[in-house]
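Trainee: Below you'll find the structure I mean.
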Amino acid sequence: MTRYVVLVAYEPGDWSEASPEVQQGYFDAHHAFERYVDTHGRRISGAPLADAETATTLAPGAAEDRVVTDGPFVELAEQVGGYYDVELPDLDAAIAAARLLPSAYTVEIRPVVEIPDHPPL
Amino acid sequence: MTADEVLTATVRDEWGRLVALLLGQFRRLDLVEDALGDAVESAARRWPADGAPDKPAAWLLTAARRRVLDRLRGEAMAARKEPLLVVEAERGTGGGAMVDPGGLVEDDRLRLVLLCCHPSLGPEVASALALRLVVGVSTADIARLFLVPEPTMAARITRGKKKIVAAGIPYAVPGRGDLPGRLRVVAQVAYLAFTAGYAPGSGPDLLRADLAGEAVRLVRVTHALVPDEPVLRALLALVLLQHSRRDARVDAEDGLVLLPDQDRGLWHHDEVAEAVDLLAGVAPSPDPLVESYRLQALVAAEHALAPTSDATRWDRICEAYAALLQVNPSPSARLAAAVALSERDGPKAGLAALDGLEALAGSHRLAAVRAELLARAGDDAALAAFDEAIRLCGNDVERAHLLTRREAVAAG
């Protein structure tokens, strides 16, 4: 089993402008993803995130030196809009699961690095 | 055979199988290749003195296994002091524990090919990994093939191996539904490696035939694992046909010899026969990739089978190109189709077919073809087109050829 964080990105505005039918399609796609993960591995956590314009970014620096700015890391057309933290047998399973997510999403799959003596959730 | 020759032949023929066997046992890509490299080094020292063993591949396998076990024991010892290492070792062995869905070829080598050519690896990383791990080409030679410094290539291969381990790319044959798609990626990766050797875009060599030959071997090995897969059958036919002309494409002074001027006696006719045989077993396909390889192979077969240049069946070649443009209307296919048209219907027809075709960024080929066709049509614009082609050309041998042609045309 390998632990992955699956990041989803989409163009802001997709959701609020969507019709109820389209929104139902998104829910169905997420449920299909979750069913796949539950069958082949396990879900550890996951959440949708508020729009990137609500983000606050702290620049590198020692505690008080960090500059606080409004907005995400980088301004892109697509913004990270949510994540899943899952455990699956391998990358092929993670790709198969990611294919089930809503078609408008760009999906990034990142393996999680496990640090000994510091067990994750 | 001397001990050195036995070792060279064993590495050449058995490398991929040995990597696959070791990987099947240990699932540690990072250790396996180094251990096998060490085993080959130690064979190079000992075999000339002791004589080559009766079963050289088995000798290498045993030596490499011992190395891996030494390393694993070393890691376990260090782990008592350094907990981080043992976790990494566990991660490395745990990643590939997936069981095959069954019903498919049970072959470690196929798993190895699919591992190297996983779609999550970039095509340049994948082709380097496949040449290194499946057919055992040295990192130095792969660097030469892709025209990058050796440390750059070594870093690329290391990065690929790291990603395989960290991202959990499985050492497994995918289910029946996914296998054809994965084999298409393998074909594209192998063809990329072949073209790098067959028609280098830059550098001093017209072709790096020995390295193109390694890519042919990669296609051959993979085809043998899934002999019924049309994409690999069509690709093997194509690369065999193109590669069969290697000895005739360059003259004694390393100059370019064009197809009509090549000594057809230097073509490898046994390879042509094999390719034509393979091609007969590939039906027209709805898959554009298969169809594209099949039609290009048909064109190459027409050239290979023509007894003389004048006897070339340009009508059939034009037909194949017309079909190719339906499935793959790429600029290079349109360029080749225009050349064929000019051979069948004259230079003006060829020039008309070039209309609206935009040059590939940095490529001299469109300008070179236009120059040649203008010259044949007796049009003075040919000289300016040659100048443009010469300016764009990055390959030394081809540039020399273009300069010679320009002088001949200028002299009238």
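In the structure tokens, chains take the letters A, B, ... in the order shown, each chain's residues start at 1, and ligands count up from 1 in the order shown.
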Restrict the distance test to only C-alpha atoms, flag each residue of chain B within 6 Å of chain A, and return the flagged residues as a PyMOL selection string.

Mentor: chain B and resi 167-170

Trainee: Write the residues you've just listed into a file as a tab-separated table (two decimals), in the first residue's frame, and include all heavy atoms for each of them.

Mentor:
chain	number	residue	atom	x	y	z
B	167	ALA	N	6.64	6.78	-6.21
B	167	ALA	CA	5.25	6.94	-6.62
B	167	ALA	C	4.49	5.62	-6.58
B	167	ALA	O	3.28	5.60	-6.77
B	167	ALA	CB	5.18	7.55	-8.03
B	168	GLY	N	5.20	4.52	-6.32
B	168	GLY	CA	4.51	3.24	-6.25
B	168	GLY	C	4.03	2.75	-7.61
B	168	GLY	O	2.93	2.21	-7.73
B	169	ILE	N	4.85	2.94	-8.66
B	169	ILE	CA	4.48	2.39	-9.97
B	169	ILE	C	4.59	0.87	-9.87
B	169	ILE	O	5.62	0.34	-9.45
B	169	ILE	CB	5.43	2.94	-11.07
B	169	ILE	CG1	5.23	4.46	-11.19
B	169	ILE	CG2	5.15	2.26	-12.40
B	169	ILE	CD1	6.12	5.12	-12.21
B	170	PRO	N	3.50	0.15	-10.20
B	170	PRO	CA	3.49	-1.30	-9.91
B	170	PRO	C	4.36	-2.10	-10.87
B	170	PRO	O	4.50	-1.74	-12.04
B	170	PRO	CB	2.02	-1.67	-10.09
B	170	PRO	CG	1.48	-0.66	-11.04
B	170	PRO	CD	2.25	0.62	-10.79

Trainee: If you run DSSP over the backbone, which residues in chain A end up strand (DSSP E or B)? Put them as number ranges by chain.

Mentor: A: 2-10, 42-48, 56-58, 68-70, 79-88, 106-111

Trainee: Could you please take those selected residues and save N, CA and C atoms as a tab-separated table (two decimals), in the first residue's frame?

Mentor:
chain	number	residue	atom	x	y	z
A	2	THR	N	0.48	2.20	-0.77
A	2	THR	CA	1.18	3.50	-0.77
A	2	THR	C	0.16	4.57	-0.44
A	3	ARG	N	0.61	5.55	0.32
A	3	ARG	CA	-0.30	6.62	0.68
A	3	ARG	C	-0.12	7.79	-0.29
A	4	TYR	N	-1.22	8.28	-0.80
A	4	TYR	CA	-1.18	9.39	-1.77
A	4	TYR	C	-2.08	10.52	-1.32
A	5	VAL	N	-1.67	11.75	-1.63
A	5	VAL	CA	-2.59	12.87	-1.58
A	5	VAL	C	-3.00	13.18	-3.02
A	6	VAL	N	-4.30	13.20	-3.23
A	6	VAL	CA	-4.83	13.49	-4.56
A	6	VAL	C	-5.35	14.92	-4.52
A	7	LEU	N	-4.67	15.80	-5.27
A	7	LEU	CA	-5.07	17.21	-5.28
A	7	LEU	C	-5.91	17.46	-6.51
A	8	VAL	N	-7.03	18.16	-6.35
A	8	VAL	CA	-7.81	18.48	-7.53
A	8	VAL	C	-7.79	19.99	-7.75
A	9	ALA	N	-7.73	20.36	-9.03
A	9	ALA	CA	-7.71	21.78	-9.37
A	9	ALA	C	-8.74	22.03	-10.46
A	10	TYR	N	-9.38	23.17	-10.38
A	10	TYR	CA	-10.31	23.54	-11.45
A	10	TYR	C	-10.40	25.05	-11.51
A	42	ARG	N	-8.01	2.56	1.44
A	42	ARG	CA	-8.84	3.28	2.42
A	42	ARG	C	-8.66	4.79	2.28
A	43	ARG	N	-9.74	5.47	2.70
A	43	ARG	CA	-9.70	6.92	2.72
A	43	ARG	C	-9.20	7.36	4.08
A	44	ILE	N	-8.25	8.28	4.12
A	44	ILE	CA	-7.77	8.77	5.41
A	44	ILE	C	-8.45	10.10	5.71
A	45	SER	N	-8.47	10.99	4.73
A	45	SER	CA	-9.25	12.21	4.91
A	45	SER	C	-9.45	12.87	3.56
A	46	GLY	N	-10.10	13.99	3.55
A	46	GLY	CA	-10.32	14.70	2.30
A	46	GLY	C	-11.25	15.85	2.58
A	47	ALA	N	-11.13	16.92	1.78
A	47	ALA	CA	-12.02	18.06	1.99
A	47	ALA	C	-12.02	18.96	0.77
A	48	PRO	N	-13.15	19.59	0.50
A	48	PRO	CA	-13.14	20.66	-0.50
A	48	PRO	C	-12.59	21.92	0.17
A	56	THR	N	-4.57	32.78	2.39
A	56	THR	CA	-3.59	33.68	2.98
A	56	THR	C	-2.24	32.99	2.88
A	57	THR	N	-1.22	33.67	2.41
A	57	THR	CA	0.08	33.04	2.21
A	57	THR	C	1.14	33.73	3.07
A	58	LEU	N	1.97	32.92	3.72
A	58	LEU	CA	3.09	33.44	4.51
A	58	LEU	C	4.38	33.14	3.78
A	68	VAL	N	3.01	38.27	5.48
A	68	VAL	CA	1.68	37.70	5.23
A	68	VAL	C	1.06	38.41	4.04
A	69	THR	N	0.64	37.61	3.04
A	69	THR	CA	-0.01	38.23	1.88
A	69	THR	C	-1.36	37.58	1.60
A	70	ASP	N	-2.16	38.30	0.85
A	70	ASP	CA	-3.48	37.83	0.45
A	70	ASP	C	-3.34	36.98	-0.80
A	79	GLN	N	-7.00	26.54	-9.79
A	79	GLN	CA	-6.58	26.63	-8.39
A	79	GLN	C	-6.92	25.34	-7.67
A	80	VAL	N	-6.07	24.98	-6.70
A	80	VAL	CA	-6.36	23.79	-5.91
A	80	VAL	C	-7.70	24.01	-5.22
A	81	GLY	N	-8.59	23.04	-5.40
A	81	GLY	CA	-9.93	23.21	-4.86
A	81	GLY	C	-10.32	22.14	-3.86
A	82	GLY	N	-9.42	21.20	-3.62
A	82	GLY	CA	-9.75	20.16	-2.66
A	82	GLY	C	-8.69	19.08	-2.69
A	83	TYR	N	-8.80	18.16	-1.73
A	83	TYR	CA	-7.81	17.09	-1.69
A	83	TYR	C	-8.42	15.83	-1.10
A	84	TYR	N	-7.85	14.72	-1.43
A	84	TYR	CA	-8.12	13.45	-0.75
A	84	TYR	C	-6.79	12.91	-0.26
A	85	ASP	N	-6.80	12.33	0.91
A	85	ASP	CA	-5.64	11.64	1.46
A	85	ASP	C	-6.05	10.18	1.53
A	86	VAL	N	-5.41	9.33	0.71
A	86	VAL	CA	-5.88	7.95	0.58
A	86	VAL	C	-4.72	6.97	0.64
A	87	GLU	N	-5.06	5.70	0.85
A	87	GLU	CA	-4.06	4.65	0.78
A	87	GLU	C	-4.53	3.66	-0.29
A	88	LEU	N	-3.67	3.38	-1.27
A	88	LEU	CA	-4.04	2.49	-2.36
A	88	LEU	C	-2.85	1.59	-2.69
A	106	THR	N	-8.39	19.06	-13.11
A	106	THR	CA	-7.03	18.55	-13.27
A	106	THR	C	-6.69	17.88	-11.95
A	107	VAL	N	-6.08	16.71	-12.02
A	107	VAL	CA	-5.83	15.96	-10.79
A	107	VAL	C	-4.33	15.69	-10.67
A	108	GLU	N	-3.78	15.96	-9.50
A	108	GLU	CA	-2.36	15.66	-9.25
A	108	GLU	C	-2.28	14.62	-8.15
A	109	ILE	N	-1.46	13.59	-8.40
A	109	ILE	CA	-1.30	12.51	-7.42
A	109	ILE	C	0.10	12.61	-6.84
A	110	ARG	N	0.19	12.75	-5.51
A	110	ARG	CA	1.52	12.86	-4.89
A	110	ARG	C	1.66	11.80	-3.82
A	111	PRO	N	2.73	10.98	-3.91
A	111	PRO	CA	2.96	10.03	-2.82
A	111	PRO	C	3.32	10.79	-1.54

Trainee: May I have the residues within 12 Å of Arg35 (chain A) as a list in words, using only C-alpha atoms and disregarding those fewer than 6 positions away in the same chain?

Mentor: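 Counting only C-alpha atoms, the residues come to Asp28, Ala29, Gly41, Arg42, Arg43, Val86, Ala96, Ala97, Ala98, Leu100 and Leu101 of chain A.
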
Trainee: CA of Ala338 (chain B) and CA of Asp315 (chain B), how far apart in Å?

Mentor: 12.7 Å

Trainee: Apply DSSP to the structure's backbone, then extract all residues of region 22-98 of chain A labelled helix (DSSP H, G or I) and return them as a ChimeraX atom specification.

Mentor: /A:22-40,52-54,63-65,91-98

Trainee: For Tyr293 (chain B), work out the shell of residues within 10 Å, counting only C-alpha atoms and skipping chain neighbours fewer than 5 positions away, then give it as a compact mmCIF listing (two decimals) with N, CA and C atoms, in the first residue's frame.

Mentor:
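Full text of part_23.txt as output:
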# COMPACT_ATOMS: atom_id res chain seq x y z
N ALA B 187 5.22 1.23 -27.35
CA ALA B 187 5.58 1.39 -28.76
C ALA B 187 6.08 2.80 -29.02
N TYR B 191 9.82 3.80 -30.27
CA TYR B 191 10.00 4.49 -31.55
C TYR B 191 10.77 5.79 -31.36
N PRO B 230 -0.97 -5.96 -32.43
CA PRO B 230 -0.68 -5.36 -33.75
C PRO B 230 0.24 -4.14 -33.67
N VAL B 231 0.14 -3.34 -32.58
CA VAL B 231 0.93 -2.12 -32.55
C VAL B 231 2.43 -2.44 -32.55
N LEU B 232 2.82 -3.51 -31.85
CA LEU B 232 4.24 -3.86 -31.79
C LEU B 232 4.69 -4.59 -33.04
N ARG B 233 3.79 -5.38 -33.62
CA ARG B 233 4.10 -6.07 -34.86
C ARG B 233 4.35 -5.05 -35.98
N ALA B 234 3.44 -4.06 -36.09
CA ALA B 234 3.58 -3.04 -37.13
C ALA B 234 4.84 -2.21 -36.89
N LEU B 235 5.10 -1.88 -35.62
CA LEU B 235 6.28 -1.08 -35.31
C LEU B 235 7.57 -1.85 -35.61
N LEU B 236 7.60 -3.14 -35.27
CA LEU B 236 8.80 -3.93 -35.54
C LEU B 236 9.05 -3.98 -37.05
N ALA B 237 7.99 -4.17 -37.84
CA ALA B 237 8.14 -4.17 -39.30
C ALA B 237 8.73 -2.84 -39.76
N LEU B 238 8.18 -1.75 -39.23
CA LEU B 238 8.63 -0.42 -39.64
C LEU B 238 10.11 -0.18 -39.32
N VAL B 239 10.50 -0.46 -38.08
CA VAL B 239 11.89 -0.16 -37.71
C VAL B 239 12.87 -1.11 -38.40
N LEU B 279 4.56 -7.66 -41.64
CA LEU B 279 3.60 -6.69 -42.14
C LEU B 279 2.38 -7.38 -42.74
N PRO B 288 -5.42 4.59 -34.79
CA PRO B 288 -4.57 5.44 -35.64
C PRO B 288 -3.08 5.18 -35.46
N LEU B 298 4.44 0.11 -44.95
CA LEU B 298 4.12 -0.24 -46.35
C LEU B 298 4.96 0.58 -47.31
N LEU B 324 -2.28 7.53 -45.01
CA LEU B 324 -1.60 7.97 -43.78
C LEU B 324 -2.08 9.37 -43.38

Trainee: Leu76 (chain A): which residues within 12 Å, counting only C-alpha atoms, same-chain residues fewer than 5 positions away excluded, as a ChimeraX atom specification?

Mentor: /A:9-12,52-53,71
